[in-house]
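Participant: Got structure.json for you, JSON, C-alpha atoms:
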```
[["chain", "number", "residue", "atom", "x", "y", "z"],
["X", 1, "MET", "CA", 107.16, 103.24, 108.99],
["X", 2, "ILE", "CA", 106.58, 103.02, 112.72],
["X", 3, "ALA", "CA", 108.09, 100.20, 114.75],
["X", 4, "ARG", "CA", 105.76, 97.61, 116.23],
["X", 5, "GLN", "CA", 104.22, 98.76, 119.50],
["X", 6, "ASP", "CA", 102.41, 97.09, 122.31],
["X", 7, "THR", "CA", 98.64, 97.44, 122.37],
["X", 8, "THR", "CA", 98.56, 99.97, 125.19],
["X", 9, "GLU", "CA", 101.11, 102.25, 123.52],
["X", 10, "ALA", "CA", 99.36, 102.00, 120.15],
["X", 11, "GLN", "CA", 95.99, 102.78, 121.75],
["X", 12, "GLU", "CA", 97.45, 105.80, 123.55],
["X", 13, "ARG", "CA", 98.87, 107.09, 120.27],
["X", 14, "LEU", "CA", 95.57, 106.55, 118.47],
["X", 15, "ASP", "CA", 93.75, 108.37, 121.28],
["X", 16, "GLY", "CA", 96.16, 111.28, 120.84],
["X", 17, "PHE", "CA", 95.49, 111.40, 117.09],
["X", 18, "ILE", "CA", 91.73, 111.42, 117.71],
["X", 19, "ASP", "CA", 92.05, 114.10, 120.39],
["X", 20, "LYS", "CA", 93.37, 116.54, 117.75],
["X", 21, "PHE", "CA", 89.84, 116.81, 116.38],
["X", 22, "THR", "CA", 86.89, 118.73, 117.85],
["X", 23, "PRO", "CA", 85.17, 116.98, 120.77],
["X", 24, "GLN", "CA", 82.19, 116.18, 118.50],
["X", 25, "VAL", "CA", 84.28, 114.58, 115.74],
["X", 26, "ALA", "CA", 86.44, 112.78, 118.33],
["X", 27, "ALA", "CA", 83.36, 111.32, 120.06],
["X", 28, "LEU", "CA", 81.88, 110.23, 116.73],
["X", 29, "THR", "CA", 85.19, 108.64, 115.73],
["X", 30, "ARG", "CA", 85.46, 106.68, 118.97],
["X", 31, "ALA", "CA", 81.87, 105.46, 118.73],
["X", 32, "LEU", "CA", 82.26, 104.40, 115.09],
["X", 33, "LEU", "CA", 85.59, 102.74, 115.83],
["X", 34, "ALA", "CA", 84.00, 100.71, 118.64],
["X", 35, "ARG", "CA", 81.17, 99.64, 116.35],
["X", 36, "ALA", "CA", 83.56, 98.70, 113.54],
["X", 37, "ARG", "CA", 85.79, 96.69, 115.87],
["X", 38, "ALA", "CA", 82.77, 94.80, 117.19],
["X", 39, "ARG", "CA", 81.42, 94.23, 113.67],
["X", 40, "ILE", "CA", 84.74, 93.04, 112.21],
["X", 41, "PRO", "CA", 86.34, 90.68, 114.74],
["X", 42, "GLY", "CA", 89.83, 89.51, 113.90],
["X", 43, "ALA", "CA", 90.67, 92.60, 111.86],
["X", 44, "GLN", "CA", 94.08, 94.15, 112.02],
["X", 45, "VAL", "CA", 93.41, 97.83, 112.70],
["X", 46, "LEU", "CA", 95.86, 99.89, 110.66],
["X", 47, "VAL", "CA", 96.28, 103.57, 111.57],
["X", 48, "TYR", "CA", 97.64, 106.23, 109.23],
["X", 49, "ASP", "CA", 97.78, 109.77, 110.61],
["X", 50, "ASN", "CA", 98.12, 111.27, 107.14],
["X", 51, "TYR", "CA", 98.40, 114.77, 105.74],
["X", 52, "ASN", "CA", 94.69, 115.10, 104.88],
["X", 53, "ALA", "CA", 93.00, 112.79, 107.37],
["X", 54, "LEU", "CA", 93.31, 110.19, 110.07],
["X", 55, "ALA", "CA", 92.68, 106.85, 108.37],
["X", 56, "ILE", "CA", 91.82, 103.73, 110.38],
["X", 57, "GLY", "CA", 91.73, 100.63, 108.19],
["X", 58, "PHE", "CA", 90.42, 97.14, 108.84],
["X", 59, "ALA", "CA", 92.43, 94.41, 107.15],
["X", 60, "ARG", "CA", 93.32, 90.73, 107.28],
["X", 61, "GLY", "CA", 97.01, 91.49, 107.77],
["X", 62, "GLU", "CA", 99.43, 94.36, 108.20],
["X", 63, "LYS", "CA", 99.52, 95.50, 104.57],
["X", 64, "ALA", "CA", 97.45, 98.49, 103.47],
["X", 65, "GLY", "CA", 96.46, 96.60, 100.33],
["X", 66, "GLU", "CA", 94.64, 94.03, 102.46],
["X", 67, "ALA", "CA", 92.32, 96.63, 103.96],
["X", 68, "ILE", "CA", 88.65, 96.21, 103.15],
["X", 69, "LEU", "CA", 87.10, 99.13, 105.02],
["X", 70, "SER", "CA", 88.39, 102.25, 106.69],
["X", 71, "LEU", "CA", 87.23, 105.19, 108.71],
["X", 72, "ALA", "CA", 88.55, 108.49, 107.35],
["X", 73, "VAL", "CA", 88.40, 111.17, 110.00],
["X", 74, "MET", "CA", 88.21, 114.71, 108.65],
["X", 75, "PRO", "CA", 87.92, 118.01, 110.55],
["X", 76, "ARG", "CA", 84.11, 118.14, 110.17],
["X", 77, "TRP", "CA", 83.02, 114.53, 109.61],
["X", 78, "VAL", "CA", 83.88, 110.82, 109.51],
["X", 79, "THR", "CA", 83.59, 108.78, 106.35],
["X", 80, "LEU", "CA", 83.25, 105.01, 106.03],
["X", 81, "CYS", "CA", 85.36, 104.03, 103.02],
["X", 82, "PHE", "CA", 84.93, 100.84, 101.05],
["X", 83, "LEU", "CA", 88.30, 100.23, 99.44],
["X", 84, "TRP", "CA", 86.75, 98.16, 96.63],
["X", 85, "GLY", "CA", 83.47, 100.08, 96.72],
["X", 86, "LYS", "CA", 83.16, 100.54, 92.97],
["X", 87, "THR", "CA", 82.30, 96.84, 92.67],
["X", 88, "LEU", "CA", 79.74, 96.73, 95.49],
["X", 89, "PRO", "CA", 76.00, 96.50, 94.90],
["X", 90, "ASP", "CA", 74.49, 99.79, 96.09],
["X", 91, "PRO", "CA", 70.71, 99.63, 95.56],
["X", 92, "HIS", "CA", 70.16, 102.62, 97.88],
["X", 93, "GLY", "CA", 72.69, 104.83, 96.08],
["X", 94, "LEU", "CA", 74.62, 105.59, 99.27],
["X", 95, "LEU", "CA", 78.16, 105.30, 97.96],
["X", 96, "LYS", "CA", 79.90, 108.44, 96.76],
["X", 97, "GLY", "CA", 83.13, 108.90, 94.86],
["X", 98, "GLU", "CA", 84.42, 108.86, 91.33],
["X", 99, "GLY", "CA", 87.74, 107.07, 91.79],
["X", 100, "SER", "CA", 88.74, 103.85, 90.12],
["X", 101, "ARG", "CA", 88.15, 101.75, 93.29],
["X", 102, "VAL", "CA", 87.16, 103.50, 96.49],
["X", 103, "ARG", "CA", 83.66, 104.61, 97.43],
["X", 104, "HIS", "CA", 82.54, 106.18, 100.68],
["X", 105, "VAL", "CA", 79.57, 107.20, 102.75],
["X", 106, "ARG", "CA", 79.60, 109.97, 105.34],
["X", 107, "LEU", "CA", 78.42, 108.93, 108.80],
["X", 108, "HIS", "CA", 76.84, 111.69, 110.88],
["X", 109, "ALA", "CA", 76.00, 109.72, 114.01],
["X", 110, "PRO", "CA", 77.17, 106.43, 115.55],
["X", 111, "GLU", "CA", 73.77, 104.89, 114.78],
["X", 112, "ASP", "CA", 74.34, 105.44, 111.05],
["X", 113, "PHE", "CA", 76.82, 102.56, 111.13],
["X", 114, "ASP", "CA", 73.99, 100.22, 112.17],
["X", 115, "ASP", "CA", 71.55, 101.23, 109.41],
["X", 116, "PRO", "CA", 70.57, 98.13, 107.39],
["X", 117, "PRO", "CA", 71.73, 99.58, 104.03],
["X", 118, "ILE", "CA", 75.15, 100.40, 105.54],
["X", 119, "GLN", "CA", 75.37, 96.96, 107.11],
["X", 120, "ALA", "CA", 74.49, 95.40, 103.73],
["X", 121, "LEU", "CA", 77.41, 97.28, 102.15],
["X", 122, "ILE", "CA", 79.73, 96.09, 104.93],
["X", 123, "VAL", "CA", 78.57, 92.47, 104.49],
["X", 124, "ALA", "CA", 79.09, 92.69, 100.73],
["X", 125, "ALA", "CA", 82.56, 94.21, 101.16],
["X", 126, "LEU", "CA", 83.63, 91.56, 103.66],
["X", 127, "ASP", "CA", 82.16, 88.73, 101.56],
["X", 128, "ARG", "CA", 83.94, 89.91, 98.38],
["X", 129, "ALA", "CA", 87.35, 90.50, 99.96],
["X", 130, "GLU", "CA", 90.27, 88.76, 98.24],
["X", 131, "ALA", "CA", 91.89, 88.31, 101.65],
["X", 132, "PRO", "CA", 88.96, 87.71, 104.04],
["X", 133, "ILE", "CA", 89.37, 88.64, 107.68],
["X", 134, "ASP", "CA", 89.49, 85.61, 109.97],
["X", 135, "PRO", "CA", 87.07, 86.37, 112.82],
["X", 136, "ARG", "CA", 89.06, 84.00, 115.07],
["X", 137, "ALA", "CA", 92.28, 85.98, 114.61],
["X", 138, "GLU", "CA", 93.50, 88.22, 117.39],
["X", 139, "GLU", "CA", 92.89, 91.89, 116.64],
["X", 140, "ARG", "CA", 95.99, 94.07, 116.60],
["X", 141, "LEU", "CA", 96.16, 97.85, 116.55],
["X", 142, "ILE", "CA", 99.10, 98.94, 114.40],
["X", 143, "ILE", "CA", 100.26, 102.52, 113.93],
["X", 144, "LYS", "CA", 101.53, 102.35, 110.36],
["X", 145, "SER", "CA", 102.55, 105.94, 109.66],
["X", 146, "VAL", "CA", 102.39, 109.49, 110.92],
["X", 147, "SER", "CA", 102.89, 112.37, 108.51],
["X", 148, "ALA", "CA", 105.22, 115.07, 109.78],
["X", 149, "LYS", "CA", 103.14, 117.72, 108.04],
["X", 150, "GLN", "CA", 99.35, 117.68, 108.43],
["X", 151, "ARG", "CA", 96.41, 119.86, 107.61],
["X", 152, "PRO", "CA", 94.66, 121.30, 110.68],
["X", 153, "ARG", "CA", 92.47, 118.71, 112.38],
["X", 154, "ARG", "CA", 89.94, 121.33, 113.52],
["X", 155, "PRO", "CA", 87.92, 123.54, 111.18],
["X", 156, "ASN", "CA", 88.95, 127.19, 111.00]]
```
Please express the file's structure as structure tokens.
Facilitator:
Amino acid sequence: MIARQDTTEAQERLDGFIDKFTPQVAALTRALLARARARIPGAQVLVYDNYNALAIGFARGEKAGEAILSLAVMPRWVTLCFLWGKTLPDPHGLLKGEGSRVRHVRLHAPEDFDDPPIQALIVAALDRAEAPIDPRAEERLIIKSVSAKQRPRRPN
């Protein structure tokens, strides 16, 4: 667990995590992160620089279990994960995954985030959350964990 940091320090650390990726994936990540922050005011932004991916979650509080959505940054793409996606209505068949809870959709461009079917999934996820995000709350960026060992962040 990482000690609480001020916003500037946390943002600098997040920028460093994103900079490990190719310029294209880094730019896509930053654009999607900006869109998600604007779309989900009041969210606590939880960052996990894990072994397999950089995960940026959007939650009501500081606990991972309160996250509703996340961006999973991989060496070649960014995925929008719905942490309770199995229960979401998906009339367009966008959600992928076979797990017991999580479903995801790969986003290829920043504009994909704004597509009406993606926005409908986001609305449904936020509406169904057990711990809804208070849009009046102050957003905090929290670096939750950094794995000592990580897969390469750039494709070979």
Participant: What's the separation between CA of Ala125 in chain X and CA of Gly16 in chain X, in Å to one decimal place?
Facilitator: 29.4 Å
Participant: With all atoms listed in the file as the atoms that count, which of X:Pro135, X:Pro75, X:Gly85, X:Pro110 lies nearest to Phe21 in chain X?
Facilitator: X:Pro75
Participant: Do you have the CA of Leu32 in chain X-CA of Phe58 in chain X distance handy?
Facilitator: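 CA of Phe58 in chain X lies at a distance of 12.6 Å from CA of Leu32 in chain X.
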Participant: If I take CA of Phe17 in chain X and CA of Arg37 in chain X, how far is one from the other in Å, to one decimal?
Facilitator: 17.7 Å
Participant: Could you check the closest approach to Ser145 in chain X for each of X:Leu83, X:Ala53, X:Val105, X:Val47 and tell me which residue wins, using all atoms listed in the file?
Facilitator: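 Under the stated criterion, the closest residue is X:Val47.
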Participant: Mind checking which residues fall within 10 Å of Ile40 in chain X, counting only C-alpha atoms, ignoring those fewer than 6 positions away in the same chain, and posting them as a VMD selection string?
Facilitator: chain X and resid 58 to 59 69 122 to 123 126 133 to 135 139
Participant: Just checking: using only C-alpha atoms, which residue out of X:Ala27, X:Ile56, X:Val73, X:Leu94 ends up closest to Pro152 in chain X?
Facilitator: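 Going through X:Ala27, X:Ile56, X:Val73, X:Leu94 one by one, the smallest distance to Pro152 in chain X is for X:Val73.
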Participant: So, with all atoms listed in the file as the atoms that count, which of X:Ala109, X:Pro116, X:Ala137, X:Lys144 lies closest to Thr29 in chain X?
Facilitator: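 Ranked by minimum distance to Thr29 in chain X, first place goes to X:Ala109.
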Participant: Which polymer residues, protein or nucleic acid, are no farther than 12 Å from (94.0, 116.3, 116.2), counting only C-alpha atoms, as number ranges by chain?
Facilitator: X: 13-23, 25-26, 29, 49-54, 73-76, 150-155
Participant: My list of candidates is X:Arg60, X:Lys86, X:His92, X:Lys149. Which is closest to Asp115 in chain X when distances are computed with all atoms listed in the file?
Facilitator: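 Among the listed residues, the smallest separation from Asp115 in chain X belongs to X:His92.
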Participant: Within 9 Å of Leu80 in chain X, counting all atoms listed in the file, which residues qualify if same-chain residues fewer than 6 places away don't, as a ChimeraX atom specification?
Facilitator: /X:69-73,103-107,113
Participant: Compare X:Val102, X:Ile143, X:Ile118, X:Val78 by their minimum atom-to-atom distance to Gln24 in chain X, counting all atoms listed in the file, and give me the closest one.
Facilitator: X:Val78
Participant: Set up a box along x, y and z of the file covering all listed atoms of range 111-128 of chain X, add 8 Å on every one of the six sides, and write the centre and edge lengths in Å to one decimal, as JSON.
Facilitator:
```
{"center_x": 77.3, "center_y": 97.1, "center_z": 106.6, "size_x": 29.4, "size_y": 32.7, "size_z": 32.4}
```
Participant: Just want the 9 Å neighbourhood of Leu141 in chain X, counted on only C-alpha atoms, with same-chain residues fewer than 6 positions away dropped. Output as a PDB file with C-alpha atoms, keeping the file's coordinate frame.
Facilitator:
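Okay, around-v6.pdb is ready:
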```pdb
ATOM      1  CA  GLN X   5     104.220  98.760 119.500  1.00  0.00           C
ATOM      2  CA  ASP X   6     102.410  97.090 122.310  1.00  0.00           C
ATOM      3  CA  THR X   7      98.640  97.440 122.370  1.00  0.00           C
ATOM      4  CA  ALA X  10      99.360 102.000 120.150  1.00  0.00           C
ATOM      5  CA  GLN X  11      95.990 102.780 121.750  1.00  0.00           C
ATOM      6  CA  LEU X  14      95.570 106.550 118.470  1.00  0.00           C
ATOM      7  CA  ALA X  43      90.670  92.600 111.860  1.00  0.00           C
ATOM      8  CA  GLN X  44      94.080  94.150 112.020  1.00  0.00           C
ATOM      9  CA  VAL X  45      93.410  97.830 112.700  1.00  0.00           C
ATOM     10  CA  LEU X  46      95.860  99.890 110.660  1.00  0.00           C
ATOM     11  CA  VAL X  47      96.280 103.570 111.570  1.00  0.00           C
TER      12      VAL X  47
END
```
